[in-house]
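Colleague: Below is the file run_0.pdb, with PDB, C-alpha atoms, pLDDT in the B column.
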ATOM      1  CA  MET A 185      84.604  64.775 154.940  1.00 41.00           C
ATOM      2  CA  SER A 186      81.061  66.033 155.533  1.00 42.00           C
ATOM      3  CA  ALA A 187      78.928  67.980 153.061  1.00 43.00           C
ATOM      4  CA  ARG A 188      79.117  70.989 155.372  1.00 43.00           C
ATOM      5  CA  ALA A 189      82.918  71.017 155.116  1.00 43.00           C
ATOM      6  CA  LEU A 190      82.632  71.677 151.367  1.00 42.00           C
ATOM      7  CA  GLN A 191      80.534  74.812 151.948  1.00 42.00           C
ATOM      8  CA  PRO A 192      82.441  78.087 152.413  1.00 45.00           C
ATOM      9  CA  ASP A 193      82.342  79.593 155.861  1.00 45.00           C
ATOM     10  CA  ASP A 194      79.443  82.071 155.715  1.00 46.00           C
ATOM     11  CA  HIS A 195      81.185  84.701 157.833  1.00 47.00           C
ATOM     12  CA  ARG A 196      84.427  84.479 155.893  1.00 46.00           C
ATOM     13  CA  ALA A 197      82.648  84.545 152.508  1.00 49.00           C
ATOM     14  CA  GLU A 198      81.024  87.865 153.372  1.00 52.00           C
ATOM     15  CA  GLY A 199      84.224  89.357 154.820  1.00 58.00           C
ATOM     16  CA  GLU A 200      85.190  92.951 154.199  1.00 64.00           C
ATOM     17  CA  ASP A 201      83.329  93.068 150.874  1.00 72.00           C
ATOM     18  CA  GLY A 202      80.076  92.348 152.708  1.00 77.00           C
ATOM     19  CA  GLN A 203      80.817  95.053 155.269  1.00 82.00           C
ATOM     20  CA  PHE A 204      81.556  97.526 152.468  1.00 83.00           C
ATOM     21  CA  ARG A 205      78.315  96.646 150.670  1.00 79.00           C
ATOM     22  CA  ASN A 206      76.305  97.031 153.878  1.00 77.00           C
ATOM     23  CA  GLN A 207      77.879 100.437 154.464  1.00 81.00           C
ATOM     24  CA  CYS A 208      77.021 101.488 150.883  1.00 81.00           C
ATOM     25  CA  ARG A 209      73.407 100.390 151.355  1.00 77.00           C
ATOM     26  CA  GLU A 210      73.137 102.341 154.597  1.00 79.00           C
ATOM     27  CA  ASN A 211      74.675 105.435 152.993  1.00 84.00           C
ATOM     28  CA  TRP A 212      72.295 105.158 150.023  1.00 80.00           C
ATOM     29  CA  ALA A 213      69.268 104.975 152.280  1.00 78.00           C
ATOM     30  CA  ARG A 214      70.497 107.884 154.415  1.00 84.00           C
ATOM     31  CA  LEU A 215      71.086 110.096 151.344  1.00 85.00           C
ATOM     32  CA  ILE A 216      67.666 109.291 149.852  1.00 83.00           C
ATOM     33  CA  LYS A 217      66.049 110.080 153.191  1.00 83.00           C
ATOM     34  CA  ARG A 218      67.870 113.426 153.387  1.00 85.00           C
ATOM     35  CA  ILE A 219      67.108 114.469 149.788  1.00 85.00           C
ATOM     36  CA  LEU A 220      63.538 113.220 149.372  1.00 81.00           C
ATOM     37  CA  GLU A 221      62.576 113.576 153.053  1.00 83.00           C
ATOM     38  CA  VAL A 222      61.181 110.043 153.053  1.00 82.00           C
ATOM     39  CA  ASP A 223      62.780 106.897 154.408  1.00 83.00           C
ATOM     40  CA  PRO A 224      63.192 104.465 151.474  1.00 81.00           C
ATOM     41  CA  LEU A 225      63.477 101.536 153.867  1.00 83.00           C
ATOM     42  CA  ILE A 226      60.039 102.022 155.436  1.00 86.00           C
ATOM     43  CA  CYS A 227      57.150 100.304 153.654  1.00 88.00           C
ATOM     44  CA  SER A 228      54.574 102.857 152.508  1.00 84.00           C
ATOM     45  CA  LYS A 229      51.736 100.357 153.072  1.00 89.00           C
ATOM     46  CA  CYS A 230      52.456  98.755 156.457  1.00 93.00           C
ATOM     47  CA  GLN A 231      55.216 101.078 157.800  1.00 90.00           C
ATOM     48  CA  GLY A 232      57.425  98.028 158.372  1.00 93.00           C
ATOM     49  CA  VAL A 233      61.199  98.137 158.018  1.00 89.00           C
ATOM     50  CA  MET A 234      62.502  96.843 154.679  1.00 88.00           C
ATOM     51  CA  LYS A 235      65.929  95.484 153.786  1.00 84.00           C
ATOM     52  CA  ILE A 236      67.836  95.968 150.528  1.00 79.00           C
ATOM     53  CA  ILE A 237      68.716  92.598 149.077  1.00 84.00           C
ATOM     54  CA  SER A 238      70.058  93.708 145.682  1.00 82.00           C
ATOM     55  CA  PHE A 239      70.260  96.475 143.110  1.00 82.00           C
ATOM     56  CA  ILE A 240      69.181  96.107 139.490  1.00 89.00           C
ATOM     57  CA  GLU A 241      71.677  97.904 137.278  1.00 89.00           C
ATOM     58  CA  ASN A 242      70.855  96.491 133.826  1.00 92.00           C
ATOM     59  CA  PRO A 243      68.865  99.225 131.932  1.00 91.00           C
ATOM     60  CA  PRO A 244      66.834  96.808 129.733  1.00 92.00           C
ATOM     61  CA  VAL A 245      65.780  94.844 132.819  1.00 93.00           C
ATOM     62  CA  ILE A 246      64.807  98.056 134.633  1.00 91.00           C
ATOM     63  CA  HIS A 247      62.758  99.185 131.627  1.00 91.00           C
ATOM     64  CA  ARG A 248      61.024  95.823 131.358  1.00 92.00           C
ATOM     65  CA  ILE A 249      60.059  95.778 135.046  1.00 92.00           C
ATOM     66  CA  LEU A 250      58.812  99.376 135.090  1.00 90.00           C
ATOM     67  CA  ALA A 251      56.910  98.950 131.809  1.00 90.00           C
ATOM     68  CA  HIS A 252      55.244  95.800 133.187  1.00 92.00           C
ATOM     69  CA  LEU A 253      54.162  97.740 136.289  1.00 90.00           C
ATOM     70  CA  ASP A 254      52.984 100.606 134.060  1.00 88.00           C
ATOM     71  CA  LEU A 255      55.505 102.913 135.747  1.00 87.00           C
ATOM     72  CA  TRP A 256      57.653 103.634 132.689  1.00 84.00           C
ATOM     73  CA  ASP A 257      56.554 107.134 131.764  1.00 80.00           C
ATOM     74  CA  VAL A 258      59.251 108.734 129.674  1.00 71.00           C
ATOM     75  CA  PRO A 259      58.204 112.194 128.535  1.00 69.00           C
ATOM     76  CA  LYS A 260      58.032 112.530 124.785  1.00 72.00           C
ATOM     77  CA  ARG A 261      60.498 115.059 123.460  1.00 75.00           C
ATOM     78  CA  SER A 262      59.364 117.513 120.872  1.00 75.00           C
ATOM     79  CA  PRO A 263      61.581 117.804 117.818  1.00 74.00           C
ATOM     80  CA  PRO A 264      64.345 120.397 118.060  1.00 74.00           C
ATOM     81  CA  VAL A 265      63.311 123.845 117.037  1.00 75.00           C
ATOM     82  CA  SER A 266      65.074 125.099 113.941  1.00 74.00           C
ATOM     83  CA  PRO A 267      65.458 128.787 113.163  1.00 67.00           C
ATOM     84  CA  PRO A 268      62.667 130.304 111.110  1.00 69.00           C
ATOM     85  CA  ARG A 269      63.095 130.039 107.363  1.00 72.00           C
ATOM     86  CA  ASP A 270      63.186 133.819 107.024  1.00 73.00           C
ATOM     87  CA  PHE A 271      66.044 134.076 109.548  1.00 68.00           C
ATOM     88  CA  ILE A 272      68.962 136.070 108.181  1.00 73.00           C
ATOM     89  CA  TYR A 273      72.326 135.542 109.779  1.00 71.00           C
ATOM     90  CA  ASP A 274      74.297 138.790 109.977  1.00 75.00           C
ATOM     91  CA  PRO A 275      77.914 138.172 111.057  1.00 74.00           C
ATOM     92  CA  ASP A 276      78.456 141.900 111.660  1.00 77.00           C
ATOM     93  CA  PHE A 277      75.564 142.194 114.134  1.00 74.00           C
ATOM     94  CA  PHE A 278      77.714 141.356 117.203  1.00 71.00           C
ATOM     95  CA  LYS A 279      80.832 143.334 116.221  1.00 73.00           C
ATOM     96  CA  GLY A 280      79.656 146.519 117.905  1.00 67.00           C
ATOM     97  CA  LEU A 281      78.681 144.681 121.113  1.00 67.00           C
ATOM     98  CA  VAL A 282      82.142 143.220 121.803  1.00 60.00           C
ATOM     99  CA  ASN A 283      85.051 145.377 123.004  1.00 54.00           C
TER     100      ASN A 283
END
Mind converting the file's structure to structure tokens?

Modeller:
Amino acid sequence: MSARALQPDDHRAEGEDGQFRNQCRENWARLIKRILEVDPLICSKCQGVMKIISFIENPPVIHRILAHLDLWDVPKRSPPVSPPRDFIYDPDFFKGLVN
């Protein structure tokens, strides 16, 4: 038995799952192009065609990569506004407005 015989058949290993993933990648690129009016698979520097090899879905990993590239710019939220201290709640105020 040769070493090659122990390796899975490349075409069979990809199978329908590989076709489904390729279709998803193509759909993703098409939707981004339609919404943002820019082709995400064209390199902005050399205009060459790019290929998606994987997606990163782990939020801590995404944060770490973007922070390293100085692209993590999360807007700071201001604290929630509370009603003024002199606010007086009048439960009867809305009674005349509702039928």

Colleague: Between CA of Asp201 in chain A and CA of Val245 in chain A, what distance in Å does the model show, to one decimal?

Modeller: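 Distance reported for this atom pair: 25.2 Å.
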
Colleague: How many Å lie between CA of Ile226 in chain A and CA of Trp212 in chain A, rounded to one decimal?

Modeller: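 Those two atoms sit 13.8 Å apart.
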
Colleague: From the set A:Leu250, A:Ile236, A:Ile272, A:Val258, which residue has the shortest atom-to-atom contact distance to Gln207 in chain A, counting only C-alpha atoms?

Modeller: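 Of all the options, A:Ile236 lies closest to Gln207 in chain A.
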
Colleague: State, in Å with one decimal place, the distance from CA of Arg214 in chain A to CA of Glu241 in chain A.

Modeller: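 Straight-line distance from CA of Arg214 in chain A to CA of Glu241 in chain A works out to 19.9 Å.
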
Colleague: So which residues get picked by the PyMOL selection byres ((chain A and resi 213) around 12) here, written as a ChimeraX atom specification?

Modeller: /A:206-212,214-226,234-236

Colleague: Can you rebuild range 258-279 of chain A with N, CA and C atoms and give it as a tab-separated table (two decimals), keeping the file's coordinate frame?

Modeller:
chain	number	residue	atom	x	y	z
A	258	VAL	N	58.20	107.86	130.18
A	258	VAL	CA	59.25	108.73	129.67
A	258	VAL	C	58.58	109.85	128.89
A	259	PRO	N	58.85	111.10	129.27
A	259	PRO	CA	58.20	112.19	128.54
A	259	PRO	C	58.65	112.21	127.08
A	260	LYS	N	57.72	112.45	126.21
A	260	LYS	CA	58.03	112.53	124.78
A	260	LYS	C	58.69	113.87	124.50
A	261	ARG	N	59.80	113.83	123.80
A	261	ARG	CA	60.50	115.06	123.46
A	261	ARG	C	59.95	115.61	122.15
A	262	SER	N	59.78	116.90	122.13
A	262	SER	CA	59.36	117.51	120.87
A	262	SER	C	60.60	117.65	119.99
A	263	PRO	N	60.42	117.68	118.69
A	263	PRO	CA	61.58	117.80	117.82
A	263	PRO	C	62.30	119.13	118.07
A	264	PRO	N	63.61	119.16	117.83
A	264	PRO	CA	64.34	120.40	118.06
A	264	PRO	C	63.80	121.52	117.18
A	265	VAL	N	63.82	122.69	117.76
A	265	VAL	CA	63.31	123.84	117.04
A	265	VAL	C	64.41	124.38	116.13
A	266	SER	N	64.10	124.52	114.87
A	266	SER	CA	65.07	125.10	113.94
A	266	SER	C	64.75	126.58	113.77
A	267	PRO	N	65.74	127.36	113.35
A	267	PRO	CA	65.46	128.79	113.16
A	267	PRO	C	64.41	128.98	112.07
A	268	PRO	N	63.66	130.07	112.15
A	268	PRO	CA	62.67	130.30	111.11
A	268	PRO	C	63.31	130.40	109.73
A	269	ARG	N	62.55	130.04	108.73
A	269	ARG	CA	63.10	130.04	107.36
A	269	ARG	C	63.50	131.43	106.91
A	270	ASP	N	62.85	132.47	107.44
A	270	ASP	CA	63.19	133.82	107.02
A	270	ASP	C	64.31	134.43	107.87
A	271	PHE	N	64.95	133.61	108.71
A	271	PHE	CA	66.04	134.08	109.55
A	271	PHE	C	67.24	134.44	108.67
A	272	ILE	N	67.79	135.61	108.93
A	272	ILE	CA	68.96	136.07	108.18
A	272	ILE	C	70.11	136.21	109.16
A	273	TYR	N	71.16	135.48	108.92
A	273	TYR	CA	72.33	135.54	109.78
A	273	TYR	C	73.19	136.71	109.33
A	274	ASP	N	73.47	137.62	110.28
A	274	ASP	CA	74.30	138.79	109.98
A	274	ASP	C	75.55	138.70	110.84
A	275	PRO	N	76.70	138.32	110.26
A	275	PRO	CA	77.91	138.17	111.06
A	275	PRO	C	78.40	139.48	111.65
A	276	ASP	N	78.00	140.61	111.13
A	276	ASP	CA	78.46	141.90	111.66
A	276	ASP	C	77.60	142.40	112.82
A	277	PHE	N	76.49	141.74	113.11
A	277	PHE	CA	75.56	142.19	114.13
A	277	PHE	C	76.24	142.33	115.51
A	278	PHE	N	77.10	141.37	115.87
A	278	PHE	CA	77.71	141.36	117.20
A	278	PHE	C	79.01	142.15	117.28
A	279	LYS	N	79.55	142.62	116.19
A	279	LYS	CA	80.83	143.33	116.22
A	279	LYS	C	80.80	144.56	117.11
